[in-house]
$ cat my_file-v9.tsv   # TSV, C-alpha atoms
chain	number	residue	atom	x	y	z
A	1	MET	CA	-81.74	18.65	63.52
A	2	GLN	CA	-81.71	22.27	62.41
A	3	SER	CA	-79.10	24.26	60.50
A	4	PHE	CA	-78.00	27.82	59.80
A	5	SER	CA	-75.36	29.60	57.73
A	6	SER	CA	-72.22	30.63	59.56
A	7	ASP	CA	-70.58	33.06	57.14
A	8	GLY	CA	-71.62	30.82	54.25
A	9	VAL	CA	-70.89	27.46	55.90
A	10	THR	CA	-73.86	25.27	56.82
A	11	ILE	CA	-73.76	24.32	60.50
A	12	ALA	CA	-76.16	21.75	61.95
A	13	TYR	CA	-77.33	21.96	65.55
A	14	ILE	CA	-79.90	20.88	68.11
A	15	ASP	CA	-81.72	23.14	70.56
A	16	LEU	CA	-83.26	21.27	73.49
A	17	ALA	CA	-85.66	22.72	76.03
A	18	PRO	CA	-85.17	21.91	79.71
A	19	THR	CA	-87.37	19.22	81.23
A	20	GLY	CA	-86.58	19.66	84.91
A	21	GLU	CA	-87.12	22.64	87.19
A	22	VAL	CA	-86.52	25.39	84.69
A	23	ASP	CA	-84.32	28.47	84.95
A	24	GLN	CA	-85.29	30.35	81.78
A	25	HIS	CA	-82.04	32.27	81.75
A	26	ARG	CA	-79.61	29.34	81.81
A	27	THR	CA	-78.24	27.83	78.60
A	28	VAL	CA	-75.37	25.42	78.08
A	29	VAL	CA	-73.72	25.30	74.63
A	30	LEU	CA	-71.87	22.06	73.88
A	31	VAL	CA	-68.90	21.83	71.49
A	32	HIS	CA	-67.76	18.31	70.57
A	33	GLY	CA	-64.32	16.88	69.87
A	34	PHE	CA	-62.44	15.79	66.77
A	35	ALA	CA	-64.05	13.10	64.57
A	36	SER	CA	-67.11	13.17	66.80
A	37	SER	CA	-70.49	14.91	66.51
A	38	HIS	CA	-73.16	16.30	68.79
A	39	MET	CA	-74.76	12.85	68.78
A	40	THR	CA	-71.65	10.84	69.65
A	41	ASN	CA	-70.17	13.30	72.14
A	42	TRP	CA	-73.24	14.61	73.92
A	43	VAL	CA	-76.42	12.64	73.19
A	44	ASN	CA	-75.13	9.07	73.30
A	45	THR	CA	-73.22	9.82	76.52
A	46	GLN	CA	-76.40	11.16	78.17
A	47	TRP	CA	-75.00	14.67	78.60
A	48	THR	CA	-78.00	16.27	76.92
A	49	LYS	CA	-80.38	14.29	79.13
A	50	THR	CA	-78.38	15.13	82.27
A	51	LEU	CA	-78.36	18.86	81.55
A	52	THR	CA	-81.96	19.24	80.36
A	53	HIS	CA	-83.21	17.26	83.37
A	54	ALA	CA	-81.25	19.68	85.56
A	55	GLY	CA	-83.22	22.55	84.05
A	56	TYR	CA	-80.83	23.85	81.41
A	57	ARG	CA	-81.57	24.69	77.81
A	58	VAL	CA	-78.99	22.77	75.78
A	59	VAL	CA	-77.62	23.78	72.39
A	60	ALA	CA	-75.13	21.50	70.62
A	61	LEU	CA	-73.67	21.92	67.16
A	62	ASP	CA	-71.87	19.67	64.72
A	63	ASN	CA	-68.58	21.45	64.09
A	64	ARG	CA	-67.77	22.23	60.47
A	65	GLY	CA	-66.39	19.10	58.79
A	66	HIS	CA	-68.28	16.87	61.23
A	67	GLY	CA	-71.66	15.22	61.62
A	68	GLN	CA	-74.33	16.84	59.50
A	69	SER	CA	-72.49	20.14	59.04
A	70	GLU	CA	-70.79	21.15	55.80
A	71	LYS	CA	-67.60	19.29	54.89
A	72	LEU	CA	-64.66	21.44	53.79
A	73	CYS	CA	-61.27	20.17	52.65
A	74	ASP	CA	-59.18	23.35	53.06
A	75	PRO	CA	-57.16	23.36	56.31
A	76	ALA	CA	-57.45	27.16	56.42
A	77	ALA	CA	-61.20	26.77	57.01
A	78	TYR	CA	-60.61	25.00	60.34
A	79	SER	CA	-58.63	27.39	62.49
A	80	SER	CA	-59.75	27.41	66.11
A	81	HIS	CA	-60.61	31.10	65.70
A	82	ILE	CA	-62.95	30.40	62.78
A	83	MET	CA	-64.58	27.44	64.52
A	84	ALA	CA	-65.09	29.58	67.64
A	85	GLU	CA	-66.92	32.11	65.49
A	86	ASP	CA	-69.26	29.31	64.34
A	87	VAL	CA	-70.27	28.90	67.98
A	88	ARG	CA	-70.66	32.65	68.47
A	89	ARG	CA	-72.77	32.96	65.32
A	90	LEU	CA	-74.96	30.08	66.48
A	91	MET	CA	-75.57	31.94	69.73
A	92	ASP	CA	-76.43	35.05	67.70
A	93	HIS	CA	-78.75	33.01	65.46
A	94	LEU	CA	-80.63	31.71	68.50
A	95	ASP	CA	-80.61	35.09	70.31
A	96	ILE	CA	-78.56	33.72	73.21
A	97	PRO	CA	-76.74	36.68	74.78
A	98	ARG	CA	-74.76	34.62	77.31
A	99	ALA	CA	-74.29	30.94	78.05
A	100	ALA	CA	-72.08	28.45	79.78
A	101	VAL	CA	-69.95	26.93	77.02
A	102	MET	CA	-68.63	23.42	77.43
A	103	GLY	CA	-66.20	21.79	75.02
A	104	TYR	CA	-64.44	18.44	74.95
A	105	SER	CA	-60.95	17.90	73.50
A	106	MET	CA	-60.85	19.90	70.22
A	107	GLY	CA	-64.16	21.41	71.33
A	108	ALA	CA	-62.47	22.63	74.50
A	109	ARG	CA	-59.76	24.29	72.43
A	110	ILE	CA	-62.47	25.99	70.35
A	111	SER	CA	-64.32	27.04	73.50
A	112	ALA	CA	-61.18	28.55	75.03
A	113	HIS	CA	-60.62	30.64	71.90
A	114	LEU	CA	-64.25	31.75	72.08
A	115	ALA	CA	-63.84	32.76	75.74
A	116	LEU	CA	-60.84	34.91	74.87
A	117	ALA	CA	-62.44	36.53	71.81
A	118	HIS	CA	-65.91	37.11	73.30
A	119	PRO	CA	-65.65	37.06	77.11
A	120	ARG	CA	-68.98	38.83	77.65
A	121	ARG	CA	-70.83	36.00	75.89
A	122	LEU	CA	-69.71	33.31	78.35
A	123	GLU	CA	-71.25	32.91	81.77
A	124	ALA	CA	-68.78	30.09	82.39
A	125	LEU	CA	-66.22	28.00	80.52
A	126	LEU	CA	-66.00	24.23	80.91
A	127	LEU	CA	-63.00	22.50	79.35
A	128	GLY	CA	-63.11	18.71	79.21
A	129	GLY	CA	-60.34	16.53	77.83
A	130	LEU	CA	-57.89	19.43	77.55
A	131	GLY	CA	-55.32	20.50	80.10
A	132	ILE	CA	-51.97	22.23	79.75
A	133	HIS	CA	-51.75	21.14	76.11
A	134	LEU	CA	-53.95	24.16	75.39
A	135	VAL	CA	-50.77	26.13	76.01
A	136	GLU	CA	-47.92	23.71	75.49
A	137	GLY	CA	-49.35	21.50	72.74
A	138	VAL	CA	-50.94	21.94	69.34
A	139	GLY	CA	-53.72	19.40	69.61
A	140	LEU	CA	-53.55	15.90	68.27
A	141	PRO	CA	-50.37	14.82	66.44
A	142	LEU	CA	-50.22	15.60	62.72
A	143	GLY	CA	-49.91	11.86	62.20
A	144	ILE	CA	-53.66	11.67	62.81
A	145	ALA	CA	-54.18	13.53	59.51
A	146	ASP	CA	-52.00	10.91	57.80
A	147	ALA	CA	-54.12	8.22	59.43
A	148	MET	CA	-57.27	9.74	57.93
A	149	GLU	CA	-55.65	9.62	54.47
A	150	ALA	CA	-54.29	6.08	54.76
A	151	PRO	CA	-55.87	3.60	52.32
A	152	SER	CA	-57.25	1.53	55.20
A	153	LEU	CA	-57.06	0.96	58.93
A	154	ASP	CA	-55.12	-2.25	58.31
A	155	VAL	CA	-51.99	-0.44	57.09
A	156	LEU	CA	-51.64	1.60	60.30
A	157	THR	CA	-49.45	0.36	63.15
A	158	ASP	CA	-49.24	3.38	65.50
A	159	PRO	CA	-51.80	2.86	68.32
A	160	MET	CA	-53.01	6.47	68.40
A	161	GLN	CA	-53.36	6.59	64.62
A	162	ARG	CA	-55.31	3.36	64.68
A	163	MET	CA	-57.54	4.57	67.51
A	164	PHE	CA	-58.57	7.78	65.76
A	165	ARG	CA	-58.97	6.18	62.33
A	166	ALA	CA	-61.16	3.46	63.82
A	167	PHE	CA	-63.22	6.09	65.67
A	168	ALA	CA	-63.63	8.14	62.49
A	169	GLU	CA	-64.83	5.08	60.61
A	170	GLN	CA	-67.18	4.17	63.44
A	171	THR	CA	-68.75	7.63	63.32
A	172	LYS	CA	-68.91	7.45	59.48
A	173	SER	CA	-66.95	10.67	59.22
A	174	ASP	CA	-65.62	12.36	56.10
A	175	LEU	CA	-61.94	11.39	56.27
A	176	LYS	CA	-60.69	14.11	53.91
A	177	ALA	CA	-62.47	16.79	55.92
A	178	LEU	CA	-61.02	15.42	59.16
A	179	ALA	CA	-57.49	15.46	57.74
A	180	ALA	CA	-57.97	19.12	56.81
A	181	CYS	CA	-59.41	19.84	60.26
A	182	ILE	CA	-56.38	18.36	62.05
A	183	ARG	CA	-54.01	20.39	59.90
A	184	GLY	CA	-55.93	23.62	60.39
A	185	SER	CA	-57.05	23.60	64.04
A	186	ARG	CA	-53.75	23.38	65.90
A	187	GLN	CA	-53.61	26.85	67.45
A	188	THR	CA	-52.43	27.18	71.04
A	189	LEU	CA	-52.97	30.01	73.48
A	190	THR	CA	-50.07	31.55	75.37
A	191	ALA	CA	-49.86	31.53	79.15
A	192	GLN	CA	-50.50	35.27	79.01
A	193	GLU	CA	-53.63	34.73	76.91
A	194	VAL	CA	-55.17	32.08	79.14
A	195	ALA	CA	-54.48	34.36	82.11
A	196	GLN	CA	-56.97	36.76	80.47
A	197	ILE	CA	-59.81	34.21	80.58
A	198	SER	CA	-62.03	35.98	83.06
A	199	MET	CA	-65.11	33.82	83.62
A	200	PRO	CA	-65.43	30.91	86.08
A	201	THR	CA	-63.74	27.90	84.48
A	202	LEU	CA	-63.81	24.17	85.16
A	203	ILE	CA	-61.10	21.93	83.70
A	204	SER	CA	-61.85	18.19	83.74
A	205	VAL	CA	-59.30	15.62	82.58
A	206	GLY	CA	-59.12	11.87	83.05
A	207	THR	CA	-56.32	10.57	85.26
A	208	LYS	CA	-55.39	8.07	82.52
A	209	ASP	CA	-55.65	10.61	79.70
A	210	ASP	CA	-52.39	10.70	77.71
A	211	VAL	CA	-53.70	13.20	75.13
A	212	SER	CA	-54.84	16.29	77.05
A	213	GLY	CA	-52.01	17.31	79.31
A	214	ASN	CA	-52.32	18.07	83.01
A	215	GLY	CA	-55.57	19.75	84.10
A	216	PRO	CA	-54.49	21.36	87.38
A	217	GLU	CA	-51.45	22.83	85.63
A	218	LEU	CA	-53.72	24.69	83.21
A	219	ALA	CA	-56.09	25.70	86.01
A	220	ARG	CA	-53.22	27.44	87.80
A	221	LEU	CA	-52.81	29.77	84.81
A	222	ILE	CA	-56.46	30.90	84.72
A	223	PRO	CA	-57.52	33.32	87.50
A	224	ASP	CA	-60.95	31.84	88.29
A	225	ALA	CA	-60.41	28.19	87.38
A	226	GLU	CA	-60.64	24.90	89.19
A	227	ALA	CA	-59.64	21.41	88.10
A	228	PHE	CA	-61.45	18.11	88.43
A	229	ASP	CA	-59.66	14.77	88.01
A	230	ILE	CA	-61.85	12.15	86.32
A	231	GLU	CA	-60.51	9.11	88.15
A	232	GLY	CA	-59.42	6.07	86.17
A	233	ARG	CA	-60.58	7.38	82.79
A	234	ASP	CA	-58.65	7.83	79.56
A	235	HIS	CA	-59.34	10.45	76.89
A	236	ASN	CA	-62.19	8.54	75.28
A	237	LEU	CA	-63.97	7.32	78.42
A	238	ALA	CA	-63.68	10.48	80.51
A	239	VAL	CA	-66.29	12.42	78.57
A	240	GLY	CA	-69.31	10.38	79.67
A	241	ASP	CA	-68.12	9.52	83.17
A	242	LYS	CA	-70.76	9.94	85.91
A	243	SER	CA	-68.40	11.77	88.24
A	244	HIS	CA	-67.60	14.19	85.39
A	245	LYS	CA	-71.30	14.95	84.95
A	246	GLN	CA	-71.78	15.51	88.67
A	247	ALA	CA	-68.77	17.82	88.85
A	248	VAL	CA	-70.21	19.91	86.01
A	249	LEU	CA	-73.65	20.10	87.62
A	250	ASP	CA	-72.10	21.11	90.95
A	251	PHE	CA	-69.97	23.75	89.23
A	252	LEU	CA	-72.91	25.21	87.31
A	253	SER	CA	-75.07	25.29	90.44
A	254	ARG	CA	-72.54	27.57	92.13
A	255	LEU	CA	-72.61	30.23	89.42
$ encode --input "my_file-v9.tsv" --output "structure tokens"
Amino acid sequence: MQSFSSDGVTIAYIDLAPTGEVDQHRTVVLVHGFASSHMTNWVNTQWTKTLTHAGYRVVALDNRGHGQSEKLCDPAAYSSHIMAEDVRRLMDHLDIPRAAVMGYSMGARISAHLALAHPRRLEALLLGGLGIHLVEGVGLPLGIADAMEAPSLDVLTDPMQRMFRAFAEQTKSDLKALAACIRGSRQTLTAQEVAQISMPTLISVGTKDDVSGNGPELARLIPDAEAFDIEGRDHNLAVGDKSHKQAVLDFLSRL
């Protein structure tokens, strides 16, 4: 695990060389979801292995407040715009002029903001676990922040609150930092803004996902976008699904 300073905030990351037939010019940057980390979201699910074996250089960071990156407790430090700049600065740090950027859930929201702010830096945009709620929603319910601040999992009765608190405990996350992150990273994009996303885009959402919003509906707003339904998967299980991986590899191969 390496780290660098993103405007004074320590961001941890991995940089993996391809192991398959190598295209030296192809890099995929991975941006994980809320309460997760590069390890949970991308390594444990075999995404890093899948992509490096397909010949891609893979860079994955721990978002601020997560994993081995610096923990901050000010919600203002977690806007999607600021977190997108962490990704852009990481690309600068590693001298990566352009890359395919793939995010899941909150990471997809961050990636979409990056695509809008720095379109020339993205060869492609891959949004997993986020559909029309990029436009019509503000991310996870604020009640998730309350769940992070509850004295224990046992006092929670709401299923979604319990699910995210249990996941945060499983990943040994900093609960105060996660509460601040939820409160600070709830920015949407307008339909007019997503219509300005100019690079090829893949939107992948599980058919049993009740968090993300409809994928095809978002794809219709983006000029060069396509949607992939991850059959039979909910928000948590869709990320590592084999059909999801194959759809991403097929999409990248067409660029």
$ atom_distance --input "my_file-v9.tsv" --atom1 "atom CA of A:Ser253" --atom2 "atom CA of A:Thr52"
13.6 Å
$ closest_atom_pairs --input "my_file-v9.tsv" --of "stretch 15-125 of chain A" --to "stretch 245-251 of chain A" --cutoff "12 Å" --atoms "only C-alpha atoms" --output "tab-separated table"
residue	atom	partner	partner_atom	distance
A:Val28	CA	A:Val248	CA	10.9
A:Trp42	CA	A:Lys245	CA	11.2
A:Thr45	CA	A:Lys245	CA	10.1
A:Gln46	CA	A:Lys245	CA	9.3
A:Trp47	CA	A:Lys245	CA	7.4
A:Thr48	CA	A:Lys245	CA	10.5
A:Lys49	CA	A:Lys245	CA	10.8
A:Thr50	CA	A:Lys245	CA	7.6
A:Leu51	CA	A:Leu249	CA	7.8
A:Thr52	CA	A:Leu249	CA	11.1
A:His53	CA	A:Leu249	CA	10.8
A:Ala54	CA	A:Leu249	CA	7.9
A:Gly55	CA	A:Leu249	CA	10.5
A:Tyr56	CA	A:Leu249	CA	10.2
A:Ala100	CA	A:Val248	CA	10.7
A:Val101	CA	A:Val248	CA	11.4
A:Met102	CA	A:Val248	CA	9.4
A:Gly103	CA	A:Val248	CA	11.8
A:Glu123	CA	A:Phe251	CA	11.9
A:Ala124	CA	A:Phe251	CA	9.4
A:Leu125	CA	A:Phe251	CA	10.4
$ residues_around --input "my_file-v9.tsv" --residues "A:Ser3" --least-positions-apart "4" --cutoff "8 Å" --atoms "only C-alpha atoms" --output "ChimeraX atom specification"
/A:10-13,69
$ closest_residue --input "my_file-v9.tsv" --among "A:Leu94, A:Val211, A:Met199, A:Leu255" --to "A:Gly137" --atoms "only C-alpha atoms"
A:Val211
$ closest_residue --input "my_file-v9.tsv" --among "A:Ala191, A:Leu122, A:Leu130, A:Ala150" --to "A:Asp229" --atoms "only C-alpha atoms"
A:Leu130
$ closest_residue --input "my_file-v9.tsv" --among "A:Leu30, A:Ala179, A:Ala115, A:Ala108" --to "A:Gly143" --atoms "all atoms listed in the file"
A:Ala179
$ residues_around --input "my_file-v9.tsv" --residues "A:Tyr78" --least-positions-apart "5" --cutoff "7 Å" --atoms "all atoms listed in the file" --output "list in words"
Met83, Cys181, Gly184 and Ser185 of chain A
$ write_last_selection --input "my_file-v9.tsv" --atoms "C-alpha atoms" --output "PDB file, in the frame of the given file"
ATOM      1  CA  MET A  83     -64.580  27.440  64.520  1.00  0.00           C
ATOM      2  CA  CYS A 181     -59.410  19.840  60.260  1.00  0.00           C
ATOM      3  CA  GLY A 184     -55.930  23.620  60.390  1.00  0.00           C
ATOM      4  CA  SER A 185     -57.050  23.600  64.040  1.00  0.00           C
TER       5      SER A 185
END
$ closest_residue --input "my_file-v9.tsv" --among "A:Asn236, A:Ser6, A:Ser105, A:Gln187" --to "A:Arg88" --atoms "all atoms listed in the file"
A:Ser6
$ atom_distance --input "my_file-v9.tsv" --atom1 "atom CA of A:Leu90" --atom2 "atom CA of A:Ala60"
9.5 Å
$ decode --input "my_file-v9.tsv" --residues "stretch 98-150 of chain A" --atoms "C-alpha atoms" --output "PDB file, in the first residue's frame"
ATOM      1  CA  ARG A  98      -6.134   9.390 -19.184  1.00  0.00           C
ATOM      2  CA  ALA A  99      -7.812   6.296 -17.796  1.00  0.00           C
ATOM      3  CA  ALA A 100     -11.051   4.404 -17.664  1.00  0.00           C
ATOM      4  CA  VAL A 101     -12.564   5.269 -14.283  1.00  0.00           C
ATOM      5  CA  MET A 102     -14.874   2.796 -12.604  1.00  0.00           C
ATOM      6  CA  GLY A 103     -16.798   3.533  -9.426  1.00  0.00           C
ATOM      7  CA  TYR A 104     -19.307   1.587  -7.379  1.00  0.00           C
ATOM      8  CA  SER A 105     -22.186   3.191  -5.448  1.00  0.00           C
ATOM      9  CA  MET A 106     -20.711   6.293  -3.745  1.00  0.00           C
ATOM     10  CA  GLY A 107     -17.625   5.696  -5.874  1.00  0.00           C
ATOM     11  CA  ALA A 108     -19.792   5.917  -8.981  1.00  0.00           C
ATOM     12  CA  ARG A 109     -21.157   9.263  -7.789  1.00  0.00           C
ATOM     13  CA  ILE A 110     -17.579  10.476  -7.272  1.00  0.00           C
ATOM     14  CA  SER A 111     -16.572   9.172 -10.704  1.00  0.00           C
ATOM     15  CA  ALA A 112     -19.478  10.941 -12.402  1.00  0.00           C
ATOM     16  CA  HIS A 113     -18.445  14.244 -10.811  1.00  0.00           C
ATOM     17  CA  LEU A 114     -14.885  13.607 -11.994  1.00  0.00           C
ATOM     18  CA  ALA A 115     -16.106  12.941 -15.544  1.00  0.00           C
ATOM     19  CA  LEU A 116     -17.964  16.239 -15.596  1.00  0.00           C
ATOM     20  CA  ALA A 117     -15.118  18.271 -14.077  1.00  0.00           C
ATOM     21  CA  HIS A 118     -12.254  16.694 -16.056  1.00  0.00           C
ATOM     22  CA  PRO A 119     -13.673  15.055 -19.197  1.00  0.00           C
ATOM     23  CA  ARG A 120     -10.326  14.905 -20.994  1.00  0.00           C
ATOM     24  CA  ARG A 121      -8.884  12.696 -18.244  1.00  0.00           C
ATOM     25  CA  LEU A 122     -11.413   9.882 -18.751  1.00  0.00           C
ATOM     26  CA  GLU A 123     -11.179   7.417 -21.590  1.00  0.00           C
ATOM     27  CA  ALA A 124     -14.399   5.858 -20.318  1.00  0.00           C
ATOM     28  CA  LEU A 125     -16.736   6.039 -17.329  1.00  0.00           C
ATOM     29  CA  LEU A 126     -18.107   2.928 -15.639  1.00  0.00           C
ATOM     30  CA  LEU A 127     -20.843   3.439 -13.046  1.00  0.00           C
ATOM     31  CA  GLY A 128     -21.757   0.415 -10.938  1.00  0.00           C
ATOM     32  CA  GLY A 129     -24.462   0.396  -8.288  1.00  0.00           C
ATOM     33  CA  LEU A 130     -25.790   3.815  -9.285  1.00  0.00           C
ATOM     34  CA  GLY A 131     -28.615   4.552 -11.687  1.00  0.00           C
ATOM     35  CA  ILE A 132     -31.078   7.420 -11.899  1.00  0.00           C
ATOM     36  CA  HIS A 133     -30.455   8.268  -8.241  1.00  0.00           C
ATOM     37  CA  LEU A 134     -27.389  10.135  -9.495  1.00  0.00           C
ATOM     38  CA  VAL A 135     -29.923  12.702 -10.681  1.00  0.00           C
ATOM     39  CA  GLU A 136     -33.030  12.122  -8.609  1.00  0.00           C
ATOM     40  CA  GLY A 137     -31.501  11.016  -5.310  1.00  0.00           C
ATOM     41  CA  VAL A 138     -28.883  12.260  -2.880  1.00  0.00           C
ATOM     42  CA  GLY A 139     -27.148   9.001  -2.104  1.00  0.00           C
ATOM     43  CA  LEU A 140     -27.870   6.861   0.896  1.00  0.00           C
ATOM     44  CA  PRO A 141     -30.495   8.080   3.397  1.00  0.00           C
ATOM     45  CA  LEU A 142     -29.275  10.426   6.120  1.00  0.00           C
ATOM     46  CA  GLY A 143     -30.438   7.786   8.576  1.00  0.00           C
ATOM     47  CA  ILE A 144     -27.269   5.875   7.710  1.00  0.00           C
ATOM     48  CA  ALA A 145     -25.266   8.634   9.430  1.00  0.00           C
ATOM     49  CA  ASP A 146     -27.451   8.170  12.516  1.00  0.00           C
ATOM     50  CA  ALA A 147     -26.775   4.441  12.322  1.00  0.00           C
ATOM     51  CA  MET A 148     -23.022   5.087  12.390  1.00  0.00           C
ATOM     52  CA  GLU A 149     -23.460   7.172  15.557  1.00  0.00           C
ATOM     53  CA  ALA A 150     -25.777   4.747  17.354  1.00  0.00           C
TER      54      ALA A 150
END
